[in-house]
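Single-structure report; data block below.
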Amino acid sequence: MRNVHALALAIGLIAAGTASAKENIDFMFPAPVDGKLTLEMTRVIKEFNQSQNDIEVRGIFTGNYDTTKVKAEAAAKSGQPPALVIMSANFTADLAIKNEILPMDELFKFGDQKATPFLTQNFWPALRQNAQVNGVTYAIPFHNSTPILYYNKDMFAKAGITAPPKDWDELLADSKKLTDSAKGQWGIMLPSTNDDYGGWILSALTRANGGQYYNADYPGEVYYDKPSTLGALRFWQNLVYRDKVMPPGVLNSKQISAAFFSGKLGMAMLSTGALGFMRENTKDFELGVAMMPAQVRNGVTIGGASLVSFKGISDDQKKAAYTFLQYLVSPKVNGAWSRFTGYFSPRMASYDTPEMKDYLAKDPRAAIALEQLKYAYPWYATYETVAVRQAMENQLAALVNNEKVTPEAAAAQAQKDADTLLKPYVDSTTLNVPK
């Protein structure tokens with residue numbers, strides 16, 4: 001009898017242990033703007049894990065956007081696909097074309113609504129195209145940005161500038177007033193690195209110049225050698241070599257922010273996602289924020305990241321990923337992330353919360369990105385996005401490093417390199433006609 005009781009107790013303990021076992025999922029996330037974001041995301045994950053007893057999320061910091069893509073793909077190929085990844089929003093098309101990520105309905109089958117209605121009813125219209133491929137929703141926006149103009153209000157006042165520039169003419173005129181070579185002081189700086197910052201800013205200038213940087217309806221075409229892009233390249237190079245209001249060479253965001261904080265820079269084109277960092281580190285003068293200047297029109301490019309799920313995870317992991325996704329994009333959590341980072345919240349209802357209303361009332365600068373949404377276009381998303389993007393970024397680097405490199409030559413080479421990379425996709429789609 002004693003053995004029977006012992007066996008029953010053991011079975012009961014095993015059953016209880018099985019019932020209480022948590023579903024473990026891997027969650028990969030980058031910190032593309034500021035290292036403090038890593039600590040904050042770690043806190044968000046811990047808070048979620050402690051809020052319930054069914055799911056244990058393992059957070060894996062993956063560096064910048066490009067390395068996040070590489071690491072997530074490598075994990076999937078090794079048989080350990082991440083259940084959820086904060087992925088650069090413009091990688092969605094390439095990942096879907098290569099059949100590496102799940103349609104979001106694979107997760108949303110565990111909820112009460114399909115993914116596409118959830119996307120279209122709850123998120124800003126400007127963000128939707130980068131979340132879908134051929135009408136299928138593969139991603140849910142998590143945090144988003146546009147380029148904006150940061151400026152030193154004190155430096156503006158000393159130069160007699162009463163308002164931030166509204167167009168490229170005013171930007172150039174103001175940059176000249178703010179530049180003082182004797183003091184090592186520059187009027188304007190634009191990031192030109194090949195980690196997507198250079199291409200992102202160039203695409204925004206191209207949009208402002210009236211152009212389409214790529215075919216938003218077909219991921220096999222880019223417009224690197226078109227007049228609107230060519231004009232943006234010439235404007236950029238002129239700031240360096242003709243007008244001498246920006247230093248030569250490739251500039252990264254850390255160099256730019258350091259020059260800005262030290263009072264040696266009047267204006268900088270950087271991400272809204274850097275607002276928290278810029279606000280925290282601007283100590284000796286007043287920080288100004290303005291919309292990107294227009295040329296032919298107002299136009300900016302959406303940036304930021306979305307949540308995607310890789311193929312190969314179990315149904316239990318899909319269910320857990322869905323639960324965690326809903327937590328991350330809830331108005332409360334997503335709004336708090338926006339206030340901490342400076343990214344604008346893609347979840348429209350975040351702005352109906354008392355906390356967000358109070359935040360915007362205290363710091364209206366955070367609303368600039370929202371104001372720009374009416375002029376926002378999708379982020380360039382193509383087959384082999386990273387390599388195609390870098391085809392232009394490499395030429396941009398040549399352009400700012402050497403005044404003898406012409407915008408025409410740079411654009412032509414970028415287009416040639418991009419077309420070569422896109423050819424396999426183009427051959428298998430638009431050139432694959434019935435025989």
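Residue names in the structure tokens use chain letters A, B, ... in the order shown, residue numbers from 1 in each chain, and ligand numbers from 1 in the order shown.
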> Could you name the residues that touch Glu286 in chain A at 8 Å or less, counting only C-alpha atoms, but leaving out those on the same chain fewer than 2 positions away, as a list in words?
Replying inline: Asn152, Lys153, Asp154, Thr282, Lys283, Asp284 and Gly288 of chain A
Write the residues of the selection above to a file with N, CA and C atoms, as a PDB file, in the first residue's frame.
ATOM      1  N   ASN A 152      20.805  73.394 -32.999  1.00  0.00           N
ATOM      2  CA  ASN A 152      21.260  74.088 -31.798  1.00  0.00           C
ATOM      3  C   ASN A 152      20.593  75.460 -31.763  1.00  0.00           C
ATOM      4  N   LYS A 153      19.610  75.615 -30.894  1.00  0.00           N
ATOM      5  CA  LYS A 153      18.847  76.867 -30.848  1.00  0.00           C
ATOM      6  C   LYS A 153      19.713  78.063 -30.448  1.00  0.00           C
ATOM      7  N   ASP A 154      20.655  77.846 -29.549  1.00  0.00           N
ATOM      8  CA  ASP A 154      21.526  78.941 -29.125  1.00  0.00           C
ATOM      9  C   ASP A 154      22.415  79.408 -30.273  1.00  0.00           C
ATOM     10  N   THR A 282      22.162  66.679 -24.503  1.00  0.00           N
ATOM     11  CA  THR A 282      22.308  68.107 -24.816  1.00  0.00           C
ATOM     12  C   THR A 282      22.244  68.883 -23.508  1.00  0.00           C
ATOM     13  N   LYS A 283      23.404  69.363 -23.065  1.00  0.00           N
ATOM     14  CA  LYS A 283      23.505  69.955 -21.725  1.00  0.00           C
ATOM     15  C   LYS A 283      23.669  71.476 -21.735  1.00  0.00           C
ATOM     16  N   ASP A 284      24.422  71.992 -22.701  1.00  0.00           N
ATOM     17  CA  ASP A 284      24.867  73.386 -22.620  1.00  0.00           C
ATOM     18  C   ASP A 284      24.094  74.342 -23.528  1.00  0.00           C
ATOM     19  N   GLY A 288      16.755  71.954 -30.536  1.00  0.00           N
ATOM     20  CA  GLY A 288      15.612  72.176 -31.405  1.00  0.00           C
ATOM     21  C   GLY A 288      15.384  70.983 -32.321  1.00  0.00           C
TER      22      GLY A 288
END
> Using only C-alpha atoms, which residues sit within 12 Å of Pro117 in chain A once same-chain residues fewer than 5 positions away are excluded, as a list of chain:residue names?
Replying inline: A:Met104, A:Asp105, A:Phe108, A:Asp112, A:Asn122, A:Phe123, A:Arg128, A:Gly135, A:Val136, A:Thr137, A:Ile140
Can you spit out the residues from that selection as a CSV table (one decimal), in the first residue's frame, using N, CA and C atoms?
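selection-v3.csv, written as the output of this step:
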chain,number,residue,atom,x,y,z
A,104,MET,N,2.0,36.4,-40.7
A,104,MET,CA,1.6,36.7,-39.3
A,104,MET,C,0.3,35.9,-38.9
A,105,ASP,N,-0.5,35.5,-39.9
A,105,ASP,CA,-1.7,34.7,-39.6
A,105,ASP,C,-1.3,33.4,-38.9
A,108,PHE,N,-1.5,34.7,-35.5
A,108,PHE,CA,-2.7,35.3,-35.2
A,108,PHE,C,-3.9,34.3,-35.1
A,112,ASP,N,-8.2,36.4,-31.8
A,112,ASP,CA,-9.5,36.5,-32.3
A,112,ASP,C,-9.6,37.3,-33.5
A,122,ASN,N,-5.1,49.3,-36.5
A,122,ASN,CA,-4.4,49.8,-35.3
A,122,ASN,C,-3.1,50.5,-35.5
A,123,PHE,N,-2.6,50.5,-36.8
A,123,PHE,CA,-1.3,51.1,-37.0
A,123,PHE,C,-1.3,52.2,-38.1
A,128,ARG,N,2.2,50.5,-43.2
A,128,ARG,CA,1.6,49.2,-43.5
A,128,ARG,C,2.3,48.6,-44.7
A,135,GLY,N,0.3,41.7,-50.5
A,135,GLY,CA,-1.0,41.7,-49.8
A,135,GLY,C,-1.0,40.8,-48.6
A,136,VAL,N,0.1,40.1,-48.3
A,136,VAL,CA,0.1,39.2,-47.1
A,136,VAL,C,0.9,39.9,-46.0
A,137,THR,N,0.4,39.9,-44.8
A,137,THR,CA,1.0,40.6,-43.7
A,137,THR,C,2.1,39.6,-43.1
A,140,ILE,N,4.6,42.9,-38.0
A,140,ILE,CA,3.8,43.9,-37.2
A,140,ILE,C,4.7,45.0,-36.7
> Nearest to Thr62 in chain A among A:Met28, A:Ala74, A:Leu360, A:Ala89, with distances taken over only C-alpha atoms: which residue is it?
Replying inline: A:Met28
>> I need the residues of range 55-215 of chain A that end up classed as strand (DSSP E) by DSSP on the backbone, written out as number ranges by chain.
In response: A: 55-61, 84-88, 132-133, 136-137, 140-145, 147-152, 186-189
Restricted to N, CA and C atoms, what would the selected residues look like written as a compact mmCIF listing (two decimals), in the first residue's frame?
# COMPACT_ATOMS: atom_id res chain seq x y z
N ILE A 55 4.83 31.49 -20.16
CA ILE A 55 5.85 31.73 -21.19
C ILE A 55 7.11 32.29 -20.55
N GLU A 56 8.24 31.80 -21.01
CA GLU A 56 9.53 32.35 -20.60
C GLU A 56 10.25 32.84 -21.85
N VAL A 57 10.42 34.14 -21.97
CA VAL A 57 11.09 34.74 -23.13
C VAL A 57 12.57 34.89 -22.82
N ARG A 58 13.40 34.37 -23.71
CA ARG A 58 14.84 34.57 -23.59
C ARG A 58 15.26 35.67 -24.56
N GLY A 59 15.64 36.80 -24.03
CA GLY A 59 16.07 37.92 -24.87
C GLY A 59 17.50 37.73 -25.34
N ILE A 60 17.73 37.95 -26.63
CA ILE A 60 19.06 37.82 -27.21
C ILE A 60 19.40 39.12 -27.94
N PHE A 61 20.34 39.89 -27.38
CA PHE A 61 20.76 41.12 -28.02
C PHE A 61 21.61 40.79 -29.25
N LEU A 84 10.47 35.19 -32.31
CA LEU A 84 10.13 36.58 -32.58
C LEU A 84 11.42 37.37 -32.70
N VAL A 85 11.44 38.30 -33.66
CA VAL A 85 12.63 39.12 -33.89
C VAL A 85 12.18 40.55 -34.16
N ILE A 86 12.84 41.52 -33.52
CA ILE A 86 12.68 42.91 -33.92
C ILE A 86 13.61 43.12 -35.11
N MET A 87 13.02 43.16 -36.29
CA MET A 87 13.78 43.17 -37.54
C MET A 87 13.57 44.50 -38.27
N SER A 88 14.64 45.01 -38.85
CA SER A 88 14.51 46.22 -39.66
C SER A 88 13.32 46.08 -40.59
N GLN A 132 3.88 44.31 -45.33
CA GLN A 132 3.19 43.37 -46.20
C GLN A 132 3.99 43.10 -47.47
N VAL A 133 3.79 41.91 -48.02
CA VAL A 133 4.38 41.54 -49.31
C VAL A 133 3.27 40.89 -50.13
N VAL A 136 0.05 40.10 -48.29
CA VAL A 136 0.12 39.23 -47.13
C VAL A 136 0.91 39.93 -46.02
N THR A 137 0.37 39.93 -44.81
CA THR A 137 1.03 40.56 -43.67
C THR A 137 2.06 39.61 -43.07
N ILE A 140 4.55 42.94 -37.96
CA ILE A 140 3.76 43.91 -37.20
C ILE A 140 4.73 44.99 -36.69
N PRO A 141 4.47 46.26 -37.01
CA PRO A 141 5.38 47.33 -36.59
C PRO A 141 5.58 47.38 -35.08
N PHE A 142 6.82 47.63 -34.67
CA PHE A 142 7.14 47.72 -33.24
C PHE A 142 7.59 49.11 -32.84
N HIS A 143 8.59 49.65 -33.51
CA HIS A 143 8.96 51.06 -33.29
C HIS A 143 9.38 51.65 -34.62
N ASN A 144 9.06 52.91 -34.81
CA ASN A 144 9.31 53.51 -36.12
C ASN A 144 9.88 54.92 -36.00
N SER A 145 10.42 55.37 -37.11
CA SER A 145 11.11 56.66 -37.12
C SER A 145 10.98 57.30 -38.49
N PRO A 147 13.64 60.43 -40.54
CA PRO A 147 14.72 61.39 -40.30
C PRO A 147 14.12 62.72 -39.88
N ILE A 148 14.77 63.40 -38.97
CA ILE A 148 14.35 64.76 -38.60
C ILE A 148 15.60 65.63 -38.48
N LEU A 149 15.37 66.92 -38.38
CA LEU A 149 16.46 67.88 -38.28
C LEU A 149 16.60 68.32 -36.82
N TYR A 150 17.74 67.99 -36.23
CA TYR A 150 18.09 68.50 -34.91
C TYR A 150 18.91 69.77 -35.09
N TYR A 151 18.68 70.76 -34.26
CA TYR A 151 19.46 71.99 -34.39
C TYR A 151 19.73 72.64 -33.04
N ASN A 152 20.81 73.39 -33.00
CA ASN A 152 21.26 74.09 -31.80
C ASN A 152 20.59 75.46 -31.76
N TRP A 186 30.82 73.53 -37.69
CA TRP A 186 30.19 73.18 -38.96
C TRP A 186 28.70 73.50 -38.94
N GLY A 187 28.17 73.76 -40.12
CA GLY A 187 26.77 74.12 -40.23
C GLY A 187 25.84 72.93 -40.22
N ILE A 188 26.23 71.84 -40.89
CA ILE A 188 25.34 70.70 -41.06
C ILE A 188 26.16 69.42 -41.16
N MET A 189 25.62 68.33 -40.68
CA MET A 189 26.22 67.01 -40.88
C MET A 189 25.13 65.99 -41.19
Using only C-alpha atoms, find each residue of range 90-175 of chain A with at least one atom at most 9 Å away from an atom of range 221-239 of chain A; report its shortest atom-to-atom pair and that distance in Å (one decimal), sort the rows by chain and rising residue number, and return the result as a tab-separated table.
residue	atom	partner	partner_atom	distance
A:Trp168	CA	A:Phe235	CA	8.7
A:Leu172	CA	A:Leu239	CA	7.7
A:Ser175	CA	A:Leu239	CA	8.8
> Running DSSP on the backbone, which parts of range 19-108 of chain A land in helix (DSSP H, G or I), as a PyMOL selection string?
Replying inline: chain A and resi 19-20+36-51+65-77+89-97+105-108
Using C-alpha atoms, can you write the selected residues to a file as a compact mmCIF listing (two decimals), in the first residue's frame?
# COMPACT_ATOMS: atom_id res chain seq x y z
CA ALA A 19 1.29 21.49 -16.11
CA SER A 20 3.43 24.29 -14.74
CA LYS A 36 20.57 52.14 -23.18
CA LEU A 37 17.87 50.60 -25.34
CA THR A 38 19.40 47.19 -24.63
CA LEU A 39 18.98 47.63 -20.88
CA GLU A 40 15.44 48.91 -21.30
CA MET A 41 14.40 45.99 -23.53
CA THR A 42 15.91 43.58 -21.00
CA ARG A 43 13.68 45.20 -18.38
CA VAL A 44 10.60 44.89 -20.64
CA ILE A 45 11.28 41.17 -21.17
CA LYS A 46 11.75 40.57 -17.44
CA GLU A 47 8.52 42.39 -16.68
CA PHE A 48 6.63 40.23 -19.18
CA ASN A 49 8.11 37.01 -17.81
CA GLN A 50 7.08 37.97 -14.29
CA SER A 51 3.57 38.98 -15.38
CA TYR A 65 19.85 45.86 -37.78
CA ASP A 66 22.17 44.19 -40.29
CA THR A 67 23.74 41.83 -37.76
CA THR A 68 20.30 40.98 -36.38
CA LYS A 69 19.24 39.72 -39.80
CA VAL A 70 22.43 37.65 -40.16
CA LYS A 71 22.13 36.13 -36.67
CA ALA A 72 18.43 35.33 -37.01
CA GLU A 73 18.98 33.62 -40.37
CA ALA A 74 21.93 31.66 -38.96
CA ALA A 75 19.87 30.51 -35.96
CA ALA A 76 17.07 29.35 -38.25
CA LYS A 77 19.47 27.43 -40.48
CA ALA A 89 11.18 46.97 -41.31
CA ASN A 90 12.63 47.01 -44.81
CA PHE A 91 14.00 43.46 -44.52
CA THR A 92 10.49 41.98 -44.49
CA ALA A 93 10.20 41.73 -48.29
CA ASP A 94 13.55 39.99 -48.74
CA LEU A 95 12.85 37.53 -45.91
CA ALA A 96 9.40 36.74 -47.33
CA ILE A 97 10.74 36.30 -50.88
CA ASP A 105 -1.66 34.72 -39.57
CA GLU A 106 0.32 31.68 -38.38
CA LEU A 107 0.58 33.48 -35.05
CA PHE A 108 -2.75 35.27 -35.16
